[in-house]
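Below is structure-v2.tsv, which holds TSV, C-alpha atoms.
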chain	number	residue	atom	x	y	z
A	1213	MET	CA	10.28	28.12	21.30
A	1214	ILE	CA	6.53	28.00	21.82
A	1215	GLY	CA	5.17	29.70	24.92
A	1216	ASP	CA	6.79	31.69	27.71
A	1217	ARG	CA	9.27	29.68	29.75
A	1218	GLU	CA	10.38	30.93	33.16
A	1219	GLU	CA	13.03	29.31	35.30
A	1220	GLY	CA	12.78	29.70	39.02
A	1221	LYS	CA	13.64	27.76	42.18
A	1222	GLY	CA	14.78	24.75	40.16
A	1223	GLU	CA	11.51	24.27	38.33
A	1224	ARG	CA	10.18	25.43	35.00
A	1225	LYS	CA	6.92	27.30	34.64
A	1226	GLU	CA	5.23	27.66	31.26
A	1227	LYS	CA	2.29	29.68	30.07
A	1228	ALA	CA	0.76	29.98	26.64
A	1229	SER	CA	-2.66	30.93	25.35
A	1230	LEU	CA	-4.23	28.97	22.53
A	1231	ARG	CA	-4.10	32.09	20.37
A	1232	ARG	CA	-0.38	32.56	20.85
A	1233	LEU	CA	0.33	28.88	20.39
A	1234	LEU	CA	-1.41	28.85	17.05
A	1235	ILE	CA	0.40	31.98	15.85
A	1236	GLU	CA	3.82	30.62	16.80
A	1237	ALA	CA	3.17	27.05	15.61
A	1238	THR	CA	1.85	28.30	12.28
A	1239	ARG	CA	4.96	30.41	11.82
A	1240	LEU	CA	7.23	27.45	12.54
A	1241	LEU	CA	5.41	25.27	10.04
A	1242	GLN	CA	5.38	28.02	7.41
A	1243	GLU	CA	9.18	28.15	7.69
A	1244	GLU	CA	9.24	24.53	6.49
A	1245	ASN	CA	7.10	25.36	3.43
A	1246	LEU	CA	4.34	22.97	4.46
A	1247	ASP	CA	1.11	23.25	2.49
A	1248	THR	CA	-1.38	23.84	5.32
A	1249	PRO	CA	0.51	25.23	8.31
A	1250	ARG	CA	-2.46	26.87	10.07
A	1251	LEU	CA	-4.70	23.85	9.66
A	1252	ASP	CA	-1.95	21.50	10.83
A	1253	ALA	CA	-1.33	23.67	13.89
A	1254	GLU	CA	-5.04	23.65	14.76
A	1255	VAL	CA	-5.49	19.91	14.25
A	1256	LEU	CA	-2.47	19.06	16.40
A	1257	LEU	CA	-3.59	21.47	19.10
A	1258	GLY	CA	-7.00	19.85	19.12
A	1259	HIS	CA	-5.35	16.45	19.47
A	1260	VAL	CA	-3.44	17.56	22.55
A	1261	THR	CA	-6.28	19.43	24.25
A	1262	GLY	CA	-9.24	17.32	23.17
A	1263	LEU	CA	-10.92	20.45	21.83
A	1264	THR	CA	-12.56	20.86	18.45
A	1265	ARG	CA	-11.30	23.58	16.14
A	1266	ALA	CA	-14.49	25.54	16.88
A	1267	GLN	CA	-13.82	25.31	20.62
A	1268	ILE	CA	-10.24	26.45	20.15
A	1269	HIS	CA	-11.42	29.56	18.30
A	1270	ALA	CA	-14.17	30.18	20.85
A	1271	HIS	CA	-11.68	30.23	23.75
A	1272	PRO	CA	-8.46	31.74	22.34
A	1273	ASP	CA	-7.26	32.98	25.75
A	1274	ARG	CA	-7.39	29.56	27.38
A	1275	GLN	CA	-4.01	28.63	28.87
A	1276	LEU	CA	-2.20	25.35	28.28
A	1277	ASP	CA	-0.45	23.74	31.23
A	1278	ALA	CA	3.19	22.67	31.05
A	1279	THR	CA	2.45	19.03	30.24
A	1280	ASP	CA	0.14	19.82	27.33
A	1281	LEU	CA	2.50	22.52	26.10
A	1282	ASP	CA	5.39	20.06	25.94
A	1283	SER	CA	3.20	17.53	24.15
A	1284	TYR	CA	2.11	20.12	21.61
A	1285	TYR	CA	5.65	21.29	20.99
A	1286	GLU	CA	6.75	17.69	20.36
A	1287	LEU	CA	4.00	17.22	17.78
A	1288	ILE	CA	4.87	20.48	16.04
A	1289	GLU	CA	8.51	19.40	15.88
A	1290	ARG	CA	7.49	16.13	14.23
A	1291	ARG	CA	5.42	18.03	11.69
A	1292	ARG	CA	8.33	20.39	11.06
A	1293	GLN	CA	10.25	17.30	9.96
A	1294	HIS	CA	7.46	16.79	7.38
A	1295	GLU	CA	6.00	13.74	9.09
A	1296	PRO	CA	2.39	13.37	7.85
A	1297	VAL	CA	-0.27	14.59	10.27
A	1298	ALA	CA	-2.09	11.24	9.98
A	1299	TYR	CA	0.95	9.37	11.31
A	1300	ILE	CA	1.36	11.88	14.13
A	1301	LEU	CA	-2.28	11.50	15.16
A	1302	GLY	CA	-2.33	7.75	14.51
A	1303	TYR	CA	-5.53	7.79	12.47
A	1304	LYS	CA	-7.09	8.99	9.23
A	1305	GLU	CA	-10.75	9.41	8.29
A	1306	PHE	CA	-11.88	7.58	5.17
A	1307	TYR	CA	-15.43	7.21	3.91
A	1308	GLY	CA	-16.79	8.42	7.25
A	1309	LEU	CA	-14.76	5.93	9.30
A	1310	ASP	CA	-11.59	6.42	11.35
A	1311	PHE	CA	-8.68	4.11	10.50
A	1312	TYR	CA	-5.54	3.52	12.51
A	1313	VAL	CA	-2.47	4.26	10.39
A	1314	ASP	CA	1.27	4.21	10.90
A	1315	ARG	CA	4.32	3.96	8.68
A	1316	ARG	CA	3.55	0.34	7.78
A	1317	VAL	CA	0.72	1.46	5.50
A	1318	LEU	CA	-0.17	4.11	2.96
A	1319	ILE	CA	-2.39	6.89	4.31
A	1320	PRO	CA	-5.88	6.56	2.75
A	1321	ARG	CA	-6.68	9.40	0.33
A	1322	PRO	CA	-10.07	10.99	-0.40
A	1323	GLU	CA	-9.81	10.10	-4.10
A	1324	THR	CA	-9.72	6.40	-3.20
A	1325	GLU	CA	-13.28	6.76	-1.93
A	1326	LEU	CA	-14.29	6.58	-5.61
A	1327	LEU	CA	-13.50	2.85	-5.54
A	1328	VAL	CA	-15.72	2.40	-2.49
A	1329	GLU	CA	-18.57	4.41	-4.04
A	1330	LYS	CA	-18.47	2.35	-7.24
A	1331	GLY	CA	-18.11	-0.91	-5.32
A	1332	LEU	CA	-21.17	-0.08	-3.22
A	1333	GLU	CA	-23.14	0.85	-6.33
A	1334	ILE	CA	-22.34	-2.54	-7.85
A	1335	GLY	CA	-22.99	-4.42	-4.63
A	1336	ARG	CA	-26.35	-2.80	-3.96
A	1337	ALA	CA	-27.52	-3.46	-7.51
A	1338	ALA	CA	-26.55	-7.13	-7.43
A	1339	LEU	CA	-29.22	-9.80	-6.96
A	1340	TYR	CA	-26.95	-11.81	-4.66
A	1341	PRO	CA	-24.18	-11.10	-2.11
A	1342	LEU	CA	-20.91	-10.36	-3.90
A	1343	THR	CA	-17.54	-11.98	-3.35
A	1344	ILE	CA	-15.00	-9.14	-3.36
A	1345	ALA	CA	-11.21	-8.90	-3.39
A	1346	ASP	CA	-9.48	-5.74	-2.13
A	1347	VAL	CA	-5.97	-6.08	-3.57
A	1348	GLY	CA	-3.19	-4.17	-1.84
A	1349	THR	CA	-5.43	-3.57	1.14
A	1350	GLY	CA	-2.89	-1.71	3.31
A	1351	SER	CA	-4.81	-0.30	6.26
A	1352	GLY	CA	-7.91	-2.19	5.13
A	1353	ALA	CA	-9.78	1.04	4.41
A	1354	ILE	CA	-11.42	-0.12	1.16
A	1355	ALA	CA	-12.33	-3.62	2.37
A	1356	ILE	CA	-13.73	-2.42	5.70
A	1357	SER	CA	-15.70	0.44	4.12
A	1358	LEU	CA	-17.26	-2.02	1.70
A	1359	VAL	CA	-18.14	-4.66	4.27
A	1360	VAL	CA	-19.62	-2.12	6.68
A	1361	HIS	CA	-22.12	-1.11	3.98
A	1362	LEU	CA	-22.48	-4.54	2.32
A	1363	PRO	CA	-22.92	-6.79	5.36
A	1364	GLN	CA	-23.73	-9.88	3.28
A	1365	ALA	CA	-20.66	-9.63	1.05
A	1366	ILE	CA	-17.69	-11.96	1.29
A	1367	ILE	CA	-14.55	-9.82	1.45
A	1368	TYR	CA	-10.96	-10.91	0.88
A	1369	ALA	CA	-8.32	-8.31	1.76
A	1370	LEU	CA	-4.96	-9.14	0.17
A	1371	ASP	CA	-1.52	-7.64	0.64
A	1372	ALA	CA	2.05	-8.76	0.03
A	1373	SER	CA	3.20	-7.05	3.25
A	1374	PRO	CA	2.65	-8.90	6.54
A	1375	LYS	CA	3.21	-5.61	8.37
A	1376	ALA	CA	0.42	-3.94	6.41
A	1377	LEU	CA	-1.89	-6.84	7.24
A	1378	GLU	CA	-1.14	-6.30	10.94
A	1379	VAL	CA	-2.55	-2.78	10.61
A	1380	ALA	CA	-5.53	-4.06	8.60
A	1381	ALA	CA	-6.25	-6.57	11.36
A	1382	LEU	CA	-6.25	-3.78	13.95
A	1383	ASN	CA	-8.74	-1.83	11.87
A	1384	CYS	CA	-10.95	-4.89	11.36
A	1385	CYS	CA	-11.16	-5.22	15.15
A	1386	ARG	CA	-11.70	-1.47	15.50
A	1387	HIS	CA	-14.78	-1.67	13.27
A	1388	ASN	CA	-16.02	-5.07	14.49
A	1389	VAL	CA	-15.63	-6.81	11.13
A	1390	ALA	CA	-12.76	-9.18	11.95
A	1391	ARG	CA	-14.95	-12.22	11.22
A	1392	ARG	CA	-16.19	-10.81	7.93
A	1393	VAL	CA	-12.95	-9.65	6.31
A	1394	HIS	CA	-10.55	-12.44	5.35
A	1395	LEU	CA	-6.95	-11.18	5.42
A	1396	LEU	CA	-4.63	-13.00	3.00
A	1397	GLN	CA	-0.91	-12.48	2.41
A	1398	GLY	CA	0.60	-12.97	-1.00
A	1399	ASP	CA	1.38	-11.49	-4.38
A	1400	LEU	CA	-1.64	-9.70	-5.85
A	1401	LEU	CA	-4.42	-12.25	-6.55
A	1402	SER	CA	-2.41	-15.42	-5.88
A	1403	PRO	CA	-3.83	-16.06	-2.35
A	1404	LEU	CA	-7.47	-15.98	-3.49
A	1405	PRO	CA	-9.24	-19.27	-2.65
A	1406	GLU	CA	-12.09	-18.75	-5.13
A	1407	PRO	CA	-13.18	-16.59	-8.07
A	1408	VAL	CA	-14.69	-13.22	-7.18
A	1409	ASP	CA	-17.37	-10.91	-8.55
A	1410	LEU	CA	-15.45	-7.70	-7.90
A	1411	ILE	CA	-11.82	-6.68	-7.63
A	1412	ALA	CA	-11.02	-3.28	-6.11
A	1413	ALA	CA	-7.34	-2.35	-6.24
A	1414	ASN	CA	-5.38	0.70	-5.21
A	1415	LEU	CA	-1.98	-0.55	-6.34
A	1416	PRO	CA	1.31	1.36	-6.60
A	1417	TYR	CA	1.13	3.61	-9.66
A	1418	VAL	CA	3.78	6.32	-9.12
A	1419	SER	CA	6.28	6.27	-12.00
A	1420	GLY	CA	10.02	6.59	-11.58
A	1421	ALA	CA	10.00	10.18	-12.79
A	1422	GLU	CA	7.10	11.08	-10.51
A	1423	TRP	CA	8.83	9.49	-7.51
A	1424	GLU	CA	11.68	11.97	-7.81
A	1425	GLN	CA	9.17	14.83	-7.57
A	1426	LEU	CA	7.19	13.60	-4.57
A	1427	PRO	CA	7.14	15.89	-1.53
A	1428	ARG	CA	9.21	14.86	1.46
A	1429	THR	CA	6.02	14.28	3.49
A	1430	ILE	CA	5.26	11.33	1.20
A	1431	ALA	CA	8.63	10.05	0.00
A	1432	ALA	CA	10.37	10.05	3.38
A	1433	TYR	CA	7.56	8.50	5.43
A	1434	GLU	CA	5.02	6.44	3.48
A	1435	PRO	CA	6.00	2.91	2.40
A	1436	ARG	CA	7.63	3.01	-1.02
A	1437	SER	CA	6.32	-0.46	-1.84
A	1438	ALA	CA	2.76	0.95	-1.70
A	1439	LEU	CA	3.57	3.81	-4.07
A	1440	ASP	CA	6.32	2.90	-6.53
A	1441	GLY	CA	4.83	1.39	-9.69
A	1442	GLY	CA	8.12	1.01	-11.56
A	1443	PRO	CA	9.48	3.05	-14.47
A	1444	ASP	CA	6.08	3.73	-16.06
A	1445	GLY	CA	4.03	3.33	-12.87
A	1446	LEU	CA	2.09	0.38	-14.29
A	1447	GLU	CA	4.07	-2.69	-13.23
A	1448	ALA	CA	1.62	-3.85	-10.53
A	1449	ILE	CA	-1.46	-2.96	-12.59
A	1450	ARG	CA	-0.06	-4.82	-15.59
A	1451	ARG	CA	0.57	-7.96	-13.52
A	1452	LEU	CA	-2.84	-7.76	-11.86
A	1453	LEU	CA	-4.61	-7.61	-15.20
A	1454	ALA	CA	-2.61	-10.57	-16.43
A	1455	GLN	CA	-3.78	-12.59	-13.42
A	1456	ALA	CA	-7.33	-11.27	-13.17
A	1457	ARG	CA	-9.15	-13.42	-15.73
A	1458	PHE	CA	-8.19	-16.56	-13.83
A	1459	HIS	CA	-9.74	-15.23	-10.61
A	1460	LEU	CA	-12.97	-13.67	-11.86
A	1461	LYS	CA	-16.49	-14.98	-12.21
A	1462	PRO	CA	-18.38	-14.33	-15.47
A	1463	GLN	CA	-19.71	-10.76	-15.66
A	1464	ALA	CA	-17.36	-9.57	-12.93
A	1465	THR	CA	-15.98	-6.05	-12.48
A	1466	VAL	CA	-12.48	-4.72	-11.83
A	1467	LEU	CA	-11.94	-1.28	-10.26
A	1468	LEU	CA	-8.45	0.21	-10.50
A	1469	GLU	CA	-7.21	3.47	-9.05
A	1470	ILE	CA	-4.78	5.11	-11.46
A	1471	GLY	CA	-2.61	8.18	-11.84
A	1472	ALA	CA	-4.04	11.22	-13.59
A	1473	THR	CA	-2.09	10.55	-16.81
A	1474	GLN	CA	-2.60	6.77	-16.99
A	1475	GLY	CA	-6.17	6.44	-18.25
A	1476	ALA	CA	-5.34	5.65	-21.87
A	1477	ALA	CA	-2.50	3.25	-21.02
A	1478	VAL	CA	-4.55	1.27	-18.49
A	1479	THR	CA	-7.49	1.15	-20.90
A	1480	ASP	CA	-5.21	-0.42	-23.51
A	1481	LEU	CA	-3.86	-2.92	-20.97
A	1482	ALA	CA	-7.38	-3.90	-19.93
A	1483	ARG	CA	-8.59	-4.40	-23.49
A	1484	HIS	CA	-5.54	-6.46	-24.34
A	1485	SER	CA	-6.04	-8.64	-21.26
A	1486	PHE	CA	-9.75	-9.32	-21.74
A	1487	ASP	CA	-10.42	-8.81	-25.47
A	1488	ASN	CA	-7.40	-10.73	-26.75
A	1489	PRO	CA	-8.66	-14.08	-28.14
A	1490	LEU	CA	-5.33	-15.78	-27.40
A	1491	ALA	CA	-5.44	-14.61	-23.77
A	1492	GLY	CA	-8.88	-16.18	-23.41
A	1493	LEU	CA	-8.03	-19.72	-24.49
A	1494	ARG	CA	-8.02	-21.02	-20.91
A	1495	THR	CA	-11.13	-19.09	-19.86
A	1496	PRO	CA	-13.65	-19.23	-22.74
A	1497	HIS	CA	-16.51	-17.67	-20.73
A	1498	PHE	CA	-14.84	-14.25	-21.20
A	1499	SER	CA	-15.29	-12.64	-24.58
A	1500	THR	CA	-14.82	-8.91	-24.10
A	1501	ALA	CA	-14.75	-6.10	-21.58
A	1502	ARG	CA	-16.28	-2.65	-21.32
A	1503	VAL	CA	-13.67	-0.19	-20.07
A	1504	GLU	CA	-14.43	3.25	-18.65
A	1505	VAL	CA	-12.15	5.91	-17.22
A	1506	VAL	CA	-13.73	7.84	-14.33
A	1507	GLN	CA	-12.61	11.29	-13.14
A	1508	ASP	CA	-12.26	12.35	-9.54
A	1509	TYR	CA	-13.82	15.49	-8.07
A	1510	ALA	CA	-10.89	17.55	-9.34
A	1511	GLY	CA	-11.66	16.44	-12.90
A	1512	LEU	CA	-8.58	14.19	-13.14
A	1513	ASP	CA	-8.57	10.61	-14.41
A	1514	ARG	CA	-8.60	8.50	-11.23
A	1515	MET	CA	-10.31	5.15	-11.73
A	1516	VAL	CA	-10.66	2.57	-14.48
A	1517	VAL	CA	-13.80	0.41	-14.42
A	1518	ILE	CA	-13.57	-2.87	-16.32
A	1519	GLU	CA	-16.87	-4.70	-16.76
A	1520	ILE	CA	-16.39	-8.25	-18.02
A	1521	GLN	CA	-18.95	-9.42	-20.57
A	1522	ALA	CA	-19.85	-13.10	-20.70
A	1523	ALA	CA	-19.40	-14.87	-24.02
A	1524	SER	CA	-22.49	-15.82	-25.94
A	1525	CYS	CA	-22.89	-19.42	-27.13

What does this structure look like when you write it as structure tokens?
Amino acid sequence: MIGDREEGKGERKEKASLRRLLIEATRLLQEENLDTPRLDAEVLLGHVTGLTRAQIHAHPDRQLDATDLDSYYELIERRRQHEPVAYILGYKEFYGLDFYVDRRVLIPRPETELLVEKGLEIGRAALYPLTIADVGTGSGAIAISLVVHLPQAIIYALDASPKALEVAALNCCRHNVARRVHLLQGDLLSPLPEPVDLIAANLPYVSGAEWEQLPRTIAAYEPRSALDGGPDGLEAIRRLLAQARFHLKPQATVLLEIGATQGAAVTDLARHSFDNPLAGLRTPHFSTARVEVVQDYAGLDRMVVIEIQAASC
């Protein structure tokens, strides 16, 4: 148990310094083999007290009252069950913005910021406002990050899950972009009302074998539909690429987040979808595509960029 508990005259008294709380909470989390027990303990303590980590370390002898102590203990117990810290806090930072998250949506990852960075690069270089589709929007992190920095862009945020779109709507309101992000429910690109200049998609890409190896923090809490890409991890990506040519403007771009071992396979899928003469019979303005695999900051394959080339007459 965290803190000193004393029973007397029918009421409970509790005392605990920040220093002792962190020591005991870290130990409890270490017992569960969590990756970052000390950091988790500090972040959750800051959430309860309203203090920054620097303030916590500057005042280690500060005492927590009984109410805050109980709150902290409850949060530590949730983390001991491997519940992600982002779900416990109710938010996650992504591209400098805070997003509300709960178990209806995947927690945004830092590596997904690559899609935003590339999307902004394309949008800022364009001679006209882009029409963009964020496919599998989840919390809305990609769509909202793009529209915040590309205020003239038209953004469609698509998801098959109505529950995920509820969270995306909350985040659109949170960042005052509800009128600028169009939330659409449906399978992949099917709800799109018009062709787009850019598709950004963080679709499920975890393979069946990889799913069995996922840590409990992910597998037991985050929505499987946002992670499970089928036996080879490419089911959703394969279907998206099959649909994409019918929803793209000439000289459009597709950005796909991928798993670290999927670069070659997704490159082949993209070239087959856009370079195959038979596939282009219904859309003759496409002739070929330039495909590039981009690494994340850890040096792992993380994004495929597909630049559509217009056919020459």

So which residues fall inside 12 Å of (-10.5, 19.2, 29.0) if we count only C-alpha atoms? Mind giving them as a PDB file with C-alpha atoms, in the coordinates of the input?
ATOM      1  CA  GLY A1258      -7.000  19.850  19.120  1.00  0.00           C
ATOM      2  CA  HIS A1259      -5.350  16.450  19.470  1.00  0.00           C
ATOM      3  CA  VAL A1260      -3.440  17.560  22.550  1.00  0.00           C
ATOM      4  CA  THR A1261      -6.280  19.430  24.250  1.00  0.00           C
ATOM      5  CA  GLY A1262      -9.240  17.320  23.170  1.00  0.00           C
ATOM      6  CA  LEU A1263     -10.920  20.450  21.830  1.00  0.00           C
ATOM      7  CA  THR A1264     -12.560  20.860  18.450  1.00  0.00           C
ATOM      8  CA  GLN A1267     -13.820  25.310  20.620  1.00  0.00           C
ATOM      9  CA  ILE A1268     -10.240  26.450  20.150  1.00  0.00           C
ATOM     10  CA  ARG A1274      -7.390  29.560  27.380  1.00  0.00           C
ATOM     11  CA  GLN A1275      -4.010  28.630  28.870  1.00  0.00           C
ATOM     12  CA  LEU A1276      -2.200  25.350  28.280  1.00  0.00           C
ATOM     13  CA  ASP A1277      -0.450  23.740  31.230  1.00  0.00           C
ATOM     14  CA  ASP A1280       0.140  19.820  27.330  1.00  0.00           C
TER      15      ASP A1280
END

Distance of CA of Asp1508 (chain A) from CA of Arg1250 (chain A), expressed in Å to one decimal place:
26.3 Å

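Take the candidates A:Lys1461, A:Lys1330, A:Arg1232, A:Arg1290 and check each one against Val1517 (chain A) using all atoms listed in the file; the shortest distance goes to A:Lys1330.
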
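Look at Asp1252 (chain A): the protein and nucleic acid residues within 12 Å of it, using only C-alpha atoms and passing over chain neighbours fewer than 5 places away, are Leu1234, Ile1235, Ala1237, Thr1238, Arg1239, Leu1240, Leu1241, Gln1242, Leu1246, Asp1247, Leu1257, Gly1258, His1259, Arg1265, Tyr1284, Leu1287, Ile1288, Glu1289, Arg1290, Arg1291, Arg1292, His1294, Glu1295, Pro1296, Val1297, Ala1298, Ile1300 and Leu1301 of chain A.
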
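Reported to one decimal place, the separation of CA of Ala1338 (chain A) from CA of Gln1507 (chain A) is 23.8 Å.
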